[in-house]
Amino acid sequence: MNRDRSTLDDQIQAYLDGTAGEADLQAVAEAVGTDPAAANLLARHTLLRELLEDHYADGSDLLALSQHAFSTAPVVWPRKAWLSIAAVMAALLGLAAFGWGTWFLRKTNNTVPAVPTVAVVAAHTPDLQWEGPTAAAPTRGTGLAAGPVKIGKGTLSLLLSSAVELTVDGPAQFDLSSDMQVLLAAGHISAAVPEGAEGFAIEAPGLRVVDLGTEFEVTVPPDGRPQVAVRRGAVEASFVGSPNSMRIGEAERHRFDPKAGTSEPLGTVASRLPEPSSQPTVNHQPITGIGRPASPARWPGSSSSLEGKTTTAPDSASGAGVSIGSDAFLAIDSPQSLAMLNLGEPGGTCGLQLLPGGTLSVEQLNIAGRSRLHLAGGMLTLSDSRDQANLCMPPDTHLDLVIDSGYLIAENVVRLAAGRATTVDMQLNGGLVEARRPFVLSEFGGGRLLQTGGQFRVASNLFLHSLHAEEPVRYIIRDGTLTGPGSLRLGDWQATNAIFRVEGTKPVIQLGVLHLASDRGVLEYLIDAAGVSPITVDQEVGLNDRGTLRLVSAAGDQPLPQQVVLLRYGNRRGRFARVELNGLAGSVVYDDNAGEMRFENIQRQMGD
Amino acid sequence: MAELTVAEICRPQRSLAPETVVPERDHVQLMRECTTAWTEAQQPVRRFIRSLVRDHQHVEDLTQEVAVTIVDKFSEYDRSRSFTAWALGIARNKVMNYWSKQGRDRHRFDQLALDNLLVAHEDLHRSADDRRQILAGCLGKLSAAERSLLDRHYGESMSATTLAERLGLTTNAIYIRLHRIRRTLLACIERTLTRQEHTS
């Protein structure tokens, strides 16, 4: 036998790598057939690879996590393999793949750690009258533990760690049992339940309402007869203790009488598309200009004609392929599904806008020329089950991606500006971007992301790096939220530029991991009179003795706070290689006992 | 020469057409039971297939085929037997069919090898969750350079070839480093596992 590797371990690993020579292959096969220990070794290496892939796919790629479980968003994110199996099951069962598939996922995830908090305050109206359990009213970003909550008046928006969004209108009294169940004693709650959180339940006195993938409302009026309205999807309602349940479909509204055990329909409810809890900013300035026509064209096939060149062609079982040519501008205000959308042509300009009521699910979005993608409402889903990225930008492409409202859901890897000489200007002013797999800004080209509102949820890794851009990749957050169990990685290991800048106290940033992956990665804070928002990292901050901490004060003579918390973390690895104070004086303190990195004794330096 | 269209540059692959079989509603309860059992069995099944098939997409496809067969034949499942063992048996047949269609590899792993692997994966599954938890701690014990390599390879999905280009090393050298790191991790996990078993 010609063994070209030294040990069976190496041979097995080479076999799993796919690099084993014929002699190694034969040796592995023989060993596995003759020696159970060899079979065991092959099994253990196979398992190890799976565990490593899962570890990194979950964004939990740094050190032990159990002691520092992510406190606000241990969302059960779909994993490709499980989804595909679940989809088969669902298809065979004739059930919606959506609900069944994610139920399946939930069952498979049996290691969700215990968490101290189950929700974070996403927003509230100024007139919120907080009546407990704590004396101090929560502010935006405050974490809420499981337990009772009472509000006298006003509206409170909560983001549960299951990614369910709740809006509670006072007066209301409820109990957050967990991130998957709320007990509503009195008042009105509406729930938007994203994919992955089906099964979320609201229990009113005598009535249990279980979500089946939907947006719905439960009201408990003083007469104790709960009402259930479904805006989208469906729910299952059952009297507590009864084995029977009733399905309430879209646009239906019912009133229940738990004492009498009866229900009555209350007419229909206007169906509407999901809108995130944060308000869109109306007066946003486009980053660069591809104008929005006064009267946008209609979707192909509708009665209105489309400006510019558009062709449609059947492309796959799941929908048509559509190409939007140069100088075309398309607005979508109705549900659409496509296998492929080609936006723009090399050298041309093109725009696509989603309006409220417009949903577009597309497997592959190809962008060329100078294109503008604008979400003014509705939902754009980059839905894909393939391994490859589903948003493609070939060389010499520029994309303005502006989200004012609505949802952008990326179910697969997104690599913005992945080709040479490509640039992306992304602006998140409102609405929601949910990146369920790695999101890269930008791989080879130039990119910047300005967030002035809305929510950016990161389930996997958010990479900020560019190999060839002259300008560093920038992500500036002025308002809104950047949350999720995933990681933020600044820079690539090959000394690429990346800047993540937090401005003022409005942003809420809570992630699983922060990782300085490049010596030229920069974490920048703009400190104003009120201070600056900390970045909360539930697992680990990997500073790795790399990169720069840059502190900047807002212009003017207003006094600055004495100290600000810059990072809150479970674990810390290393320090910043450099600290730039830019006209400030003070000291950066790493306080691992408190799990904080602070900037203390802050003063403006005279003469700078 | 005609300029390439965007679609040609991006070259999307066709995705699988969704299944559209609509079964009778009466089967739902049975299928729910089946799915619960499959929830437990799918991981060892997938790992077993992965031990024997290199192409990731084929691993997914075969796992999916096992799931379909399990749903089809669930009424034949003998409940006195382990469901996982039954599912692994189906997986073995799927892999053998796959090999015969591929026309190669089929004689490499013999029946005995497949049996040994079945047993190994079924046994190993019992400690999989513990290993998952221990892994995080063991990763923390690696050197910065080792972690960096894993971060790139797994976190950023960089292939050994790309890593080699970036690091100015040969692809083989990257593979060897990764082998060494995985060996270290495996040893650490198993040491910890043994210690935990002793203390409990």
# chains A, B, ... in the order shown; residues from 1 in each chain; ligands from 1
$ residues_around --residues "Gln562 (chain A)" --least-positions-apart "6" --cutoff "7 Å" --atoms "only C-alpha atoms" --output "number ranges by chain"
A: 600-602
$ residues_around --residues "Ile181 (chain B)" --least-positions-apart "3" --cutoff "12 Å" --atoms "only C-alpha atoms" --output "PyMOL selection string"
(chain A and resi 10+13+45+48-49+52) or (chain B and resi 138-139+141-150+153+174-178+184-188)
$ closest_residue --among "A:Pro148, A:Gly447, A:Gly33, A:Gly21" --to "chain B" --atoms "only C-alpha atoms"
A:Gly33
$ atom_distance --atom1 "CA of Ala87 (chain B)" --atom2 "CA of Asn116 (chain B)"
15.5 Å
$ residues_around --residues "Ala146 (chain A)" --least-positions-apart "6" --cutoff "7 Å" --atoms "only C-alpha atoms" --output "ChimeraX atom specification"
/A:117-118,176-178
$ write_last_selection --atoms "N, CA and C atoms" --output "PDB file, in the first residue's frame"
ATOM      1  N   THR A 117     -33.251  38.380  29.622  1.00  0.00           N
ATOM      2  CA  THR A 117     -34.247  39.294  29.086  1.00  0.00           C
ATOM      3  C   THR A 117     -34.909  38.663  27.874  1.00  0.00           C
ATOM      4  N   VAL A 118     -36.151  39.044  27.656  1.00  0.00           N
ATOM      5  CA  VAL A 118     -36.870  38.443  26.532  1.00  0.00           C
ATOM      6  C   VAL A 118     -37.255  39.476  25.495  1.00  0.00           C
ATOM      7  N   LEU A 176     -44.980  39.095  29.959  1.00  0.00           N
ATOM      8  CA  LEU A 176     -44.089  38.471  28.982  1.00  0.00           C
ATOM      9  C   LEU A 176     -43.631  37.139  29.582  1.00  0.00           C
ATOM     10  N   SER A 177     -44.330  36.074  29.241  1.00  0.00           N
ATOM     11  CA  SER A 177     -43.947  34.776  29.799  1.00  0.00           C
ATOM     12  C   SER A 177     -42.598  34.343  29.251  1.00  0.00           C
ATOM     13  N   SER A 178     -42.434  34.570  27.969  1.00  0.00           N
ATOM     14  CA  SER A 178     -41.190  34.211  27.296  1.00  0.00           C
ATOM     15  C   SER A 178     -41.182  34.979  25.992  1.00  0.00           C
TER      16      SER A 178
END
$ closest_residue --among "B:Ala164, B:Ala85, B:Leu169, B:Leu118" --to "Arg47 (chain B)" --atoms "only C-alpha atoms"
B:Leu118
